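Enquirer: Handing over work24.csv, CSV, C-alpha atoms.
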```
chain,number,residue,atom,x,y,z
G,1,MET,CA,8.4,41.0,7.6
G,2,PRO,CA,9.8,42.9,4.6
G,3,ASP,CA,7.6,45.6,2.9
G,4,THR,CA,7.7,44.1,-0.6
G,5,VAL,CA,8.1,40.7,-2.2
G,6,THR,CA,9.2,39.8,-5.7
G,7,LEU,CA,6.9,37.7,-8.0
G,8,GLU,CA,8.4,35.9,-10.9
G,9,VAL,CA,5.5,35.6,-13.2
G,10,THR,CA,5.4,33.5,-16.4
G,11,ARG,CA,4.6,35.6,-19.4
G,12,TYR,CA,3.6,34.2,-22.8
G,13,SER,CA,2.2,36.0,-25.8
G,14,PRO,CA,1.2,33.6,-28.5
G,15,GLU,CA,1.5,36.4,-31.1
G,16,ARG,CA,5.0,37.4,-30.1
G,17,ASP,CA,6.8,34.6,-28.2
G,18,ALA,CA,8.0,31.2,-29.2
G,19,GLU,CA,8.0,30.1,-25.6
G,20,PRO,CA,7.2,31.5,-22.2
G,21,ALA,CA,9.6,33.8,-20.3
G,22,THR,CA,9.7,35.0,-16.7
G,23,GLN,CA,9.0,38.6,-15.7
G,24,ARG,CA,9.8,39.9,-12.2
G,25,PHE,CA,7.4,42.3,-10.3
G,26,GLU,CA,7.9,43.9,-7.0
G,27,VAL,CA,4.6,44.0,-5.0
G,28,PRO,CA,3.7,45.1,-1.5
G,29,LEU,CA,3.9,42.3,1.0
G,30,ARG,CA,0.8,42.6,3.2
G,31,LYS,CA,-0.1,40.0,5.8
G,32,ASP,CA,-3.6,39.6,4.5
G,33,TRP,CA,-2.7,39.4,0.8
G,34,VAL,CA,-2.9,36.2,-1.2
G,35,VAL,CA,-1.0,35.6,-4.4
G,36,LEU,CA,-4.1,36.6,-6.4
G,37,ASP,CA,-4.1,40.0,-4.6
G,38,ALA,CA,-0.5,40.5,-5.8
G,39,LEU,CA,-1.5,39.6,-9.4
G,40,ASN,CA,-4.4,42.0,-9.2
G,41,TYR,CA,-2.0,44.7,-7.9
G,42,ILE,CA,0.3,44.0,-10.9
G,43,LYS,CA,-2.6,44.1,-13.3
G,44,ASP,CA,-4.1,47.3,-11.8
G,45,LYS,CA,-0.9,49.3,-11.1
G,46,VAL,CA,2.1,47.9,-13.1
G,47,ASP,CA,1.2,46.0,-16.2
G,48,GLY,CA,-2.4,45.8,-17.4
G,49,THR,CA,-1.5,43.2,-20.1
G,50,LEU,CA,-0.9,40.5,-17.5
G,51,THR,CA,-3.5,37.8,-18.2
G,52,TYR,CA,-4.9,35.2,-15.7
G,53,ARG,CA,-8.2,33.8,-14.6
G,54,TRP,CA,-10.0,34.5,-11.4
G,55,SER,CA,-13.6,35.0,-10.2
G,56,CYS,CA,-14.9,34.4,-6.7
G,57,ARG,CA,-11.8,35.0,-4.6
G,58,MET,CA,-13.1,32.6,-2.0
G,59,GLY,CA,-12.0,29.2,-3.0
G,60,ILE,CA,-15.3,28.1,-4.6
G,61,CYS,CA,-15.1,28.9,-8.4
G,62,GLY,CA,-11.8,27.0,-8.9
G,63,SER,CA,-10.6,29.4,-11.7
G,64,CYS,CA,-7.5,30.9,-10.1
G,65,GLY,CA,-5.4,27.7,-10.0
G,66,MET,CA,-1.7,28.3,-10.8
G,67,MET,CA,1.7,26.8,-9.9
G,68,VAL,CA,3.1,28.7,-7.0
G,69,ASN,CA,6.7,27.8,-6.4
G,70,GLY,CA,6.1,24.6,-8.4
G,71,GLU,CA,3.0,23.5,-6.4
G,72,PRO,CA,-0.5,23.6,-7.9
G,73,LYS,CA,-2.4,26.1,-5.7
G,74,LEU,CA,-5.6,28.2,-5.7
G,75,THR,CA,-4.0,31.6,-5.7
G,76,CYS,CA,-6.9,33.1,-3.8
G,77,ALA,CA,-6.1,30.8,-0.9
G,78,THR,CA,-2.3,31.1,-0.9
G,79,PHE,CA,-0.9,33.8,1.3
G,80,LEU,CA,2.1,35.7,0.2
G,81,SER,CA,3.4,35.6,3.7
G,82,SER,CA,3.7,31.8,3.6
G,83,TYR,CA,6.2,32.1,0.8
G,84,SER,CA,8.1,35.3,1.7
G,85,ASN,CA,10.6,33.8,4.1
G,86,GLY,CA,14.2,34.7,3.3
G,87,GLY,CA,13.2,37.3,0.7
G,88,LYS,CA,13.2,34.7,-2.1
G,89,PRO,CA,11.0,35.5,-5.1
G,90,ILE,CA,7.7,33.7,-5.5
G,91,ARG,CA,7.3,31.9,-8.8
G,92,VAL,CA,3.9,32.0,-10.3
G,93,GLU,CA,3.4,29.8,-13.4
G,94,PRO,CA,0.4,28.5,-15.4
G,95,LEU,CA,-0.9,25.1,-14.3
G,96,ARG,CA,1.4,22.3,-15.4
G,97,TYR,CA,0.6,19.8,-18.1
G,98,PHE,CA,-2.0,22.1,-19.8
G,99,PRO,CA,-1.4,24.1,-23.0
G,100,VAL,CA,-0.8,27.7,-22.3
G,101,VAL,CA,-3.1,30.2,-24.0
G,102,ARG,CA,-1.5,33.4,-22.7
G,103,ASP,CA,0.6,34.3,-19.6
G,104,LEU,CA,-1.1,32.3,-16.8
G,105,VAL,CA,-4.2,31.2,-18.7
G,106,VAL,CA,-4.3,27.5,-19.6
G,107,GLU,CA,-6.6,25.7,-22.1
G,108,MET,CA,-9.1,23.5,-20.4
G,109,SER,CA,-11.3,22.1,-23.1
G,110,ASP,CA,-9.5,18.7,-22.9
G,111,PHE,CA,-10.6,18.5,-19.2
G,112,MET,CA,-14.1,19.6,-20.0
G,113,ALA,CA,-14.4,16.9,-22.6
G,114,LYS,CA,-13.2,14.3,-20.1
G,115,LEU,CA,-15.5,15.6,-17.4
G,116,LYS,CA,-18.5,15.1,-19.7
G,117,LYS,CA,-17.3,11.6,-20.6
G,118,ALA,CA,-17.5,10.7,-16.9
G,119,MET,CA,-21.2,11.7,-16.8
G,120,PRO,CA,-21.1,13.7,-13.6
G,121,TRP,CA,-24.8,14.0,-13.2
G,122,LEU,CA,-27.7,11.9,-11.9
G,123,VAL,CA,-28.5,9.1,-14.4
G,124,ARG,CA,-32.0,7.6,-14.0
G,125,LYS,CA,-33.2,4.6,-16.0
G,126,GLN,CA,-36.7,6.0,-15.7
G,127,GLU,CA,-37.5,9.4,-14.2
G,128,LYS,CA,-40.2,9.3,-11.6
G,129,PRO,CA,-43.1,11.8,-12.0
G,130,LEU,CA,-42.9,15.0,-10.0
G,131,SER,CA,-46.2,14.0,-8.3
G,132,GLU,CA,-44.3,11.2,-6.5
G,133,GLY,CA,-42.2,13.8,-4.7
G,134,GLU,CA,-38.5,14.3,-4.1
G,135,PHE,CA,-35.9,11.6,-3.7
G,136,LEU,CA,-35.2,11.2,-0.1
G,137,GLN,CA,-31.8,10.5,1.3
G,138,THR,CA,-30.6,9.6,4.7
G,139,PRO,CA,-27.6,11.4,6.3
G,140,GLU,CA,-25.6,8.2,5.9
G,141,GLN,CA,-26.4,8.0,2.2
G,142,LEU,CA,-25.3,11.7,1.8
G,143,GLU,CA,-22.2,11.0,3.8
G,144,SER,CA,-21.1,8.2,1.4
G,145,TYR,CA,-20.5,10.6,-1.5
G,146,ARG,CA,-20.3,14.1,0.2
G,147,GLN,CA,-16.5,14.2,0.2
G,148,PHE,CA,-16.3,13.7,-3.6
G,149,SER,CA,-19.0,16.3,-4.2
G,150,MET,CA,-16.7,19.0,-2.9
G,151,CYS,CA,-14.8,19.0,-6.2
G,152,ILE,CA,-14.7,22.5,-7.7
G,153,ASN,CA,-13.1,21.5,-11.0
G,154,CYS,CA,-10.0,23.6,-10.3
G,155,THR,CA,-7.8,21.0,-12.1
G,156,LEU,CA,-5.0,21.4,-9.5
G,157,CYS,CA,-5.1,17.6,-9.4
G,158,TYR,CA,-4.4,17.4,-13.1
G,159,ALA,CA,-1.4,19.7,-12.7
G,160,ALA,CA,-0.1,17.4,-9.9
G,161,CYS,CA,-0.6,14.2,-11.8
G,162,PRO,CA,2.4,13.0,-13.8
G,163,VAL,CA,0.3,10.3,-15.5
G,164,TYR,CA,-1.8,13.0,-17.1
G,165,GLY,CA,1.3,14.9,-18.1
G,166,LEU,CA,2.9,11.9,-19.7
G,167,ASP,CA,-0.3,10.4,-21.2
G,168,PRO,CA,-2.8,13.2,-22.1
G,169,VAL,CA,-5.5,10.6,-23.0
G,170,PHE,CA,-5.7,9.7,-19.3
G,171,VAL,CA,-9.1,10.7,-18.1
G,172,GLY,CA,-7.6,12.2,-14.9
G,173,PRO,CA,-8.4,12.5,-11.2
G,174,ALA,CA,-11.2,15.1,-10.9
G,175,ALA,CA,-13.4,13.5,-13.7
G,176,MET,CA,-13.1,10.1,-12.1
G,177,ALA,CA,-13.7,11.4,-8.5
G,178,LEU,CA,-16.9,13.1,-9.8
G,179,ALA,CA,-17.9,9.8,-11.5
G,180,GLN,CA,-17.5,8.1,-8.2
G,181,ARG,CA,-19.4,10.9,-6.5
G,182,TYR,CA,-22.5,10.0,-8.6
G,183,ASN,CA,-21.9,6.2,-8.4
G,184,LEU,CA,-22.2,6.5,-4.6
G,185,ASP,CA,-25.3,8.6,-4.8
G,186,SER,CA,-28.4,6.6,-3.8
G,187,ARG,CA,-30.5,8.5,-6.4
G,188,ASP,CA,-28.2,7.5,-9.3
G,189,GLN,CA,-28.5,4.5,-11.6
G,190,GLY,CA,-25.7,5.2,-14.0
G,191,ALA,CA,-22.8,3.3,-12.4
G,192,ALA,CA,-22.7,0.5,-15.0
G,193,GLU,CA,-22.7,3.1,-17.8
G,194,ARG,CA,-19.8,5.0,-16.2
G,195,MET,CA,-18.0,1.8,-15.5
G,196,ALA,CA,-18.1,0.8,-19.2
G,197,ILE,CA,-16.3,4.1,-19.9
G,198,LEU,CA,-13.9,4.4,-17.0
G,199,ALA,CA,-12.8,0.8,-16.4
G,200,HIS,CA,-10.3,1.2,-19.1
G,201,PRO,CA,-6.5,1.6,-19.4
G,202,GLU,CA,-7.1,5.3,-20.1
G,203,GLY,CA,-9.5,5.5,-17.1
G,204,VAL,CA,-9.0,4.0,-13.7
G,205,TRP,CA,-6.4,1.5,-14.8
G,206,GLY,CA,-4.2,4.3,-16.1
G,207,CYS,CA,-3.8,5.6,-12.5
G,208,THR,CA,-0.5,4.5,-10.9
G,209,PHE,CA,-1.6,5.9,-7.5
G,210,VAL,CA,1.0,8.6,-7.3
G,211,GLY,CA,-1.4,10.2,-4.8
G,212,GLU,CA,-0.4,13.8,-5.5
G,213,CYS,CA,-3.9,14.7,-6.7
G,214,THR,CA,-5.2,14.0,-3.2
G,215,ARG,CA,-2.4,16.0,-1.5
G,216,VAL,CA,-2.9,19.1,-3.6
G,217,CYS,CA,-6.7,19.1,-3.6
G,218,PRO,CA,-7.8,22.3,-1.8
G,219,LYS,CA,-11.2,20.7,-1.0
G,220,HIS,CA,-9.9,17.4,0.4
G,221,VAL,CA,-11.8,15.4,-2.2
G,222,ASP,CA,-9.2,12.5,-2.3
G,223,PRO,CA,-9.4,11.7,-6.0
G,224,ALA,CA,-6.7,9.1,-5.6
G,225,GLY,CA,-8.9,7.3,-3.1
G,226,ALA,CA,-11.9,7.5,-5.5
G,227,ILE,CA,-9.9,6.0,-8.3
G,228,GLN,CA,-8.6,3.1,-6.2
G,229,GLN,CA,-12.2,2.4,-4.9
G,230,TYR,CA,-13.3,2.4,-8.6
G,231,LYS,CA,-10.5,-0.1,-9.4
G,232,ILE,CA,-11.7,-2.4,-6.6
G,233,LYS,CA,-15.3,-2.2,-7.9
G,234,ALA,CA,-14.1,-2.8,-11.5
G,235,ALA,CA,-12.1,-5.9,-10.3
G,236,MET,CA,-15.1,-7.2,-8.3
G,237,ASP,CA,-17.4,-6.7,-11.3
G,238,TRP,CA,-15.0,-8.6,-13.5
G,239,PHE,CA,-14.7,-11.4,-10.9
G,240,LYS,CA,-18.5,-11.6,-10.6
G,241,SER,CA,-18.9,-11.8,-14.4
G,242,PHE,CA,-16.2,-14.5,-14.5
G,243,LEU,CA,-18.0,-16.6,-11.8
G,244,MET,CA,-21.5,-15.9,-13.0
G,245,PRO,CA,-21.3,-15.0,-16.7
G,246,ARG,CA,-25.1,-15.0,-17.1
G,247,GLY,CA,-26.1,-13.4,-13.9
G,248,ALA,CA,-23.5,-10.8,-12.9
G,249,GLU,CA,-25.8,-7.8,-13.3
P,250,MET,CA,-21.4,4.2,-26.8
P,251,SER,CA,-18.1,6.0,-27.0
P,252,THR,CA,-15.3,4.9,-24.8
P,253,ALA,CA,-12.2,6.5,-23.3
P,254,SER,CA,-10.0,4.9,-25.9
P,255,SER,CA,-11.6,6.9,-28.7
P,256,HIS,CA,-10.9,10.2,-26.9
P,257,THR,CA,-8.1,12.4,-28.2
P,258,PRO,CA,-7.4,15.9,-26.9
P,259,ASN,CA,-9.4,18.2,-29.2
P,260,TYR,CA,-7.0,21.1,-29.2
P,261,THR,CA,-3.9,19.7,-30.8
P,262,PRO,CA,-4.2,20.4,-34.6
P,263,TRP,CA,-6.2,23.6,-34.5
P,264,HIS,CA,-4.3,25.9,-32.2
P,265,PRO,CA,-0.7,25.8,-33.1
P,266,ARG,CA,0.1,29.0,-31.1
P,267,TRP,CA,-0.8,27.5,-27.8
P,268,TYR,CA,2.4,26.7,-25.9
P,269,ARG,CA,2.5,23.0,-25.1
P,270,PRO,CA,5.2,22.3,-22.5
P,271,ARG,CA,7.0,19.0,-22.9
P,272,VAL,CA,7.3,16.8,-19.8
P,273,SER,CA,11.0,16.2,-19.1
P,274,THR,CA,12.3,12.6,-19.0
P,275,TRP,CA,13.6,13.6,-15.5
P,276,TRP,CA,10.3,14.9,-14.2
P,277,TRP,CA,10.5,12.5,-11.2
P,278,LEU,CA,13.7,14.2,-9.9
P,279,GLY,CA,11.8,17.5,-9.6
P,280,SER,CA,10.4,16.7,-6.2
P,281,TRP,CA,10.9,14.2,-3.4
P,282,ARG,CA,7.3,13.1,-3.6
P,283,TYR,CA,7.7,12.1,-7.3
P,284,LEU,CA,11.0,10.4,-6.5
P,285,LYS,CA,9.3,8.5,-3.7
P,286,PHE,CA,6.6,7.4,-6.1
P,287,ILE,CA,9.2,6.1,-8.6
P,288,LEU,CA,11.2,4.4,-5.8
P,289,ARG,CA,7.9,2.7,-4.7
P,290,GLU,CA,7.4,1.5,-8.3
P,291,ILE,CA,11.0,0.3,-8.6
P,292,SER,CA,10.6,-1.5,-5.2
P,293,SER,CA,8.2,-4.0,-7.0
P,294,ILE,CA,11.3,-5.4,-8.8
P,295,PHE,CA,12.9,-6.1,-5.4
P,296,VAL,CA,9.7,-7.6,-4.1
P,297,ALA,CA,9.8,-10.0,-7.1
P,298,LEU,CA,13.5,-10.6,-6.3
P,299,ALA,CA,12.7,-11.4,-2.7
P,300,VAL,CA,9.9,-13.8,-3.7
P,301,GLY,CA,12.2,-15.5,-6.3
P,302,MET,CA,15.0,-15.9,-3.7
P,303,THR,CA,12.5,-17.4,-1.2
P,304,LEU,CA,11.3,-19.9,-3.9
P,305,LEU,CA,14.9,-20.8,-4.7
P,306,GLN,CA,15.6,-21.3,-1.0
P,307,ILE,CA,12.6,-23.6,-0.7
P,308,ALA,CA,13.7,-25.5,-3.8
P,309,ALA,CA,17.2,-25.9,-2.3
P,310,LEU,CA,15.6,-27.1,1.0
P,311,ARG,CA,13.7,-29.8,-0.9
P,312,ARG,CA,16.8,-31.0,-2.6
P,313,GLY,CA,18.4,-31.9,0.8
P,314,PRO,CA,20.8,-30.5,3.4
P,315,GLU,CA,23.8,-30.3,1.1
P,316,ALA,CA,22.0,-28.4,-1.6
P,317,TYR,CA,20.6,-26.1,1.1
P,318,GLU,CA,24.0,-25.5,2.6
P,319,ARG,CA,25.5,-24.7,-0.9
P,320,PHE,CA,22.6,-22.2,-1.4
P,321,GLN,CA,23.2,-20.6,2.0
P,322,HIS,CA,26.9,-20.4,1.2
P,323,THR,CA,26.1,-18.5,-2.0
P,324,LEU,CA,23.9,-16.1,-0.1
P,325,ARG,CA,26.8,-15.3,2.3
P,326,SER,CA,28.9,-13.8,-0.5
P,327,PRO,CA,29.6,-10.1,-0.3
P,328,PHE,CA,27.6,-9.4,-3.5
P,329,ALA,CA,24.6,-11.5,-2.3
P,330,THR,CA,24.7,-9.8,1.1
P,331,ILE,CA,24.7,-6.3,-0.4
P,332,VAL,CA,21.8,-7.3,-2.8
P,333,GLY,CA,20.0,-8.8,0.2
P,334,PHE,CA,20.3,-5.5,2.2
P,335,ILE,CA,19.1,-3.4,-0.7
P,336,THR,CA,16.2,-5.9,-1.3
P,337,LEU,CA,15.3,-5.7,2.4
P,338,GLY,CA,15.3,-1.9,2.3
P,339,PHE,CA,13.1,-1.8,-0.8
P,340,VAL,CA,10.7,-4.5,0.5
P,341,LEU,CA,10.2,-2.6,3.7
P,342,PHE,CA,9.7,0.7,1.8
P,343,HIS,CA,7.2,-1.1,-0.5
P,344,SER,CA,5.2,-2.6,2.4
P,345,ILE,CA,5.2,0.6,4.4
P,346,THR,CA,4.2,2.9,1.6
P,347,TRP,CA,1.4,0.6,0.4
P,348,PHE,CA,0.1,0.0,3.9
P,349,ASN,CA,-0.1,3.8,4.4
P,350,LEU,CA,-2.0,4.1,1.1
P,351,ALA,CA,-4.5,1.4,1.9
P,352,PRO,CA,-6.9,3.6,3.8
P,353,HIS,CA,-7.4,5.6,0.6
P,354,ALA,CA,-8.4,2.5,-1.4
P,355,LEU,CA,-10.5,0.9,1.3
P,356,ALA,CA,-13.5,3.0,2.3
P,357,VAL,CA,-15.0,1.0,5.2
P,358,ARG,CA,-18.1,2.4,6.8
P,359,VAL,CA,-19.5,1.5,10.2
P,360,ARG,CA,-23.0,2.8,11.0
P,361,GLY,CA,-22.7,5.2,8.0
P,362,LYS,CA,-19.4,6.7,9.2
P,363,ARG,CA,-16.1,6.0,7.4
P,364,VAL,CA,-13.7,4.4,9.8
P,365,PRO,CA,-10.4,6.3,10.5
P,366,ALA,CA,-7.3,5.7,8.4
P,367,LEU,CA,-5.5,4.1,11.3
P,368,ALA,CA,-8.2,1.5,11.7
P,369,ILE,CA,-7.4,0.3,8.1
P,370,SER,CA,-3.6,0.6,8.2
P,371,LEU,CA,-3.0,-0.8,11.7
P,372,PRO,CA,-4.4,-4.3,11.0
P,373,HIS,CA,-2.1,-4.4,7.9
P,374,TYR,CA,0.9,-3.7,10.1
P,375,LEU,CA,-0.3,-6.1,12.8
P,376,ALA,CA,-0.9,-8.9,10.2
P,377,TRP,CA,2.6,-8.2,8.8
P,378,ILE,CA,4.2,-8.5,12.2
P,379,ALA,CA,2.3,-11.6,13.0
P,380,VAL,CA,3.1,-13.4,9.7
P,381,SER,CA,6.8,-12.3,9.9
P,382,GLY,CA,6.9,-13.5,13.5
P,383,ALA,CA,5.4,-16.9,12.6
P,384,ILE,CA,7.9,-17.4,9.7
P,385,ALA,CA,10.8,-16.4,12.0
P,386,TRP,CA,9.6,-18.9,14.6
P,387,LEU,CA,9.4,-21.6,11.9
P,388,VAL,CA,12.9,-20.9,10.5
P,389,MET,CA,14.7,-20.4,13.8
P,390,ARG,CA,13.1,-22.9,16.1
```
Translate this structure into structure tokens?

Expert:
Amino acid sequence: MPDTVTLEVTRYSPERDAEPATQRFEVPLRKDWVVLDALNYIKDKVDGTLTYRWSCRMGICGSCGMMVNGEPKLTCATFLSSYSNGGKPIRVEPLRYFPVVRDLVVEMSDFMAKLKKAMPWLVRKQEKPLSEGEFLQTPEQLESYRQFSMCINCTLCYAACPVYGLDPVFVGPAAMALAQRYNLDSRDQGAAERMAILAHPEGVWGCTFVGECTRVCPKHVDPAGAIQQYKIKAAMDWFKSFLMPRGAE
Amino acid sequence: MSTASSHTPNYTPWHPRWYRPRVSTWWWLGSWRYLKFILREISSIFVALAVGMTLLQIAALRRGPEAYERFQHTLRSPFATIVGFITLGFVLFHSITWFNLAPHALAVRVRGKRVPALAISLPHYLAWIAVSGAIAWLVMR
């Protein structure tokens, strides 16, 4: 294994640049270093102006997502040694399809607005009083939504989704996976409300099942699966309302 | 209640200095996976073509042996043969890719546990083989 590796990092200063450019940095190649370690090395030792997001460094906070050699990755979970074969430089770019604020930092307010629209929280028609105790759930009921609850909002799935890139009004994979997470929760009563928002050309019907969101998800959430399951439910609901226009509820 | 249609990205007019990369028209050539997706989408045209050809074949069959022979003769032309092979390739590609994706869409649970992907895709393949075998038997007997 060589001693160093070259990182080609996207740089963009909104005050100075019309468009992003690439800057090369030579960093030590250590077996236990991830791409985020290399960026921290650059920030600490080479160029303190390099701007990027990170927090937990353990694949939980979802803030260090970037494009590594063209693939959306959590840089805290992407080892330099996996990319250093042949001495080729490692390309580190901001997440695709998002506006770039500076260097590797992208603007996420569009995602946040869409996430809120999907109502990723427990909706109750009527809250039961605390005196009645907690909501009980069987292991089977938990298992039905557990996979979708693993989403950490890292937005790697958005960076992998060409539908989102081509049609920015598309609600997108993570928001819909989280909507499905709550739909499947036995404590939730908001499925119909979410359906009214997401059974829409810009919601589930906008998805063409590219499937890349599922492949890049670092938490194995399977957003593509969630959306297809949502489509089946939406189709069934429509069919029921067609057959029983007065009693489909 | 607001709907997804009323949603517009709320950054566009107010932050002109953010860099907004344009998606290239040729984005799908950037990776084999995207190309595979586009080929899967295009394969729908060939599936429609195969269905159309089958319907024409049945119509020719209804018109009698001479009409059917004329239709078969047309299908034996080099052009029709090439189109037939391309169509077959795309129809196979379409079927296989969709059967492989089916386990994502169908979340079947038995005793609270989700059944493995193979248990969803395998019946699709078996049904495909059975139906193809039955049609082949009907045509060739």

Enquirer: Mind dumping a table of every chain G residue within 8 Å of chain P, with the nearest atom pair and its distance in Å to one decimal, using all atoms listed in the file, sorted by chain and rising number, as a Markdown table?

Expert:
```
| residue | atom | partner | partner_atom | distance |
| --- | --- | --- | --- | --- |
| G:Pro14 | CA | P:Arg266 | CA | 5.4 |
| G:Glu15 | CA | P:Arg266 | CA | 7.5 |
| G:Ala18 | CA | P:Tyr268 | CA | 7.9 |
| G:Glu19 | CA | P:Tyr268 | CA | 6.6 |
| G:Pro20 | CA | P:Tyr268 | CA | 7.7 |
| G:Tyr97 | CA | P:Pro270 | CA | 6.8 |
| G:Phe98 | CA | P:Arg269 | CA | 7.0 |
| G:Pro99 | CA | P:Arg269 | CA | 4.6 |
| G:Val100 | CA | P:Tyr268 | CA | 4.9 |
| G:Val101 | CA | P:Trp267 | CA | 5.2 |
| G:Arg102 | CA | P:Trp267 | CA | 7.8 |
| G:Ser109 | CA | P:Asn259 | CA | 7.5 |
| G:Asp110 | CA | P:Pro258 | CA | 5.3 |
| G:Lys117 | CA | P:Ala253 | CA | 7.7 |
| G:Glu140 | CA | P:Gly361 | CA | 4.7 |
| G:Gln141 | CA | P:Gly361 | CA | 7.4 |
| G:Glu143 | CA | P:Gly361 | CA | 7.2 |
| G:Ser144 | CA | P:Gly361 | CA | 7.4 |
| G:Gly165 | CA | P:Val272 | CA | 6.5 |
| G:Leu166 | CA | P:Val272 | CA | 6.6 |
| G:Pro168 | CA | P:Pro258 | CA | 7.2 |
| G:Val169 | CA | P:Thr257 | CA | 6.1 |
| G:Val171 | CA | P:Ala253 | CA | 7.4 |
| G:Ala196 | CA | P:Thr252 | CA | 7.5 |
| G:Ile197 | CA | P:Thr252 | CA | 5.1 |
| G:Leu198 | CA | P:Ala253 | CA | 6.9 |
| G:His200 | CA | P:Ala253 | CA | 7.0 |
| G:Glu202 | CA | P:Ala253 | CA | 6.1 |
| G:Gly203 | CA | P:Ala253 | CA | 6.8 |
| G:Val210 | CA | P:Phe286 | CA | 5.9 |
| G:Glu212 | CA | P:Arg282 | CA | 8.0 |
| G:Asp222 | CA | P:His353 | CA | 7.7 |
| G:Ala224 | CA | P:His353 | CA | 7.2 |
| G:Gly225 | CA | P:His353 | CA | 4.3 |
| G:Ala226 | CA | P:Ala354 | CA | 7.4 |
| G:Ile227 | CA | P:Ala354 | CA | 7.9 |
| G:Gln228 | CA | P:Ala354 | CA | 4.8 |
| G:Gln229 | CA | P:Ala354 | CA | 5.2 |
| G:Ile232 | CA | P:Ala354 | CA | 7.9 |
```

Enquirer: At a cut-off of 8 Å, using all atoms listed in the file, what residues contact G:Thr22? Leave out same-chain residues fewer than 6 positions from it and give the result as a VMD selection string.

Expert: chain G and resid 8 to 11

Enquirer: Would you mind telling me which residue in G:Ala191, G:Leu142, G:Leu7, G:Ile60 lies nearest to G:Arg91 when using all atoms listed in the file?

Expert: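 So, comparing all the options, the nearest one is G:Leu7.
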
Enquirer: Can you pull out the residues contacting P:Tyr374? Cut-off 9 Å, using all atoms listed in the file, and skip same-chain residues under 4 positions away; I want them as a list in words.

Expert: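 Counting only the stated atoms, we get Ser344, Ile345, Phe348, Ser370, Ile378 and Ala379 of chain P.
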
Enquirer: From the set G:Thr214, G:Ser131, G:Thr155, G:Ser13, which residue has the shortest atom-to-atom contact distance to G:Met67, counting only C-alpha atoms?

Expert: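 Of the candidates, the smallest distance to G:Met67 is held by G:Thr155.
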
Enquirer: Determine, counting all atoms listed in the file, which protein, DNA and RNA residues have an atom within 12 Å of an atom of G:Lys219; residues of the same chain fewer than 6 positions away are not included. Present the result as an NGL selection string.

Expert: :G and (59-62 or 73-74 or 77 or 146-157 or 174 or 213)

Enquirer: Do you know which residues are at most 12 Å from stretch 40-44 of chain G counting all atoms listed in the file, after dropping those on the same chain fewer than 5 positions away, and could you put them as a PyMOL selection string?

Expert: chain G and resi 6-9+23-30+33-35+49-55+57+64+75-76

Enquirer: What does the structure give for the distance between atom CA of G:Asp17 and atom CA of G:Met108, in Å to one decimal?

Expert: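 Going from atom CA of G:Asp17 over to atom CA of G:Met108 covers 20.9 Å.
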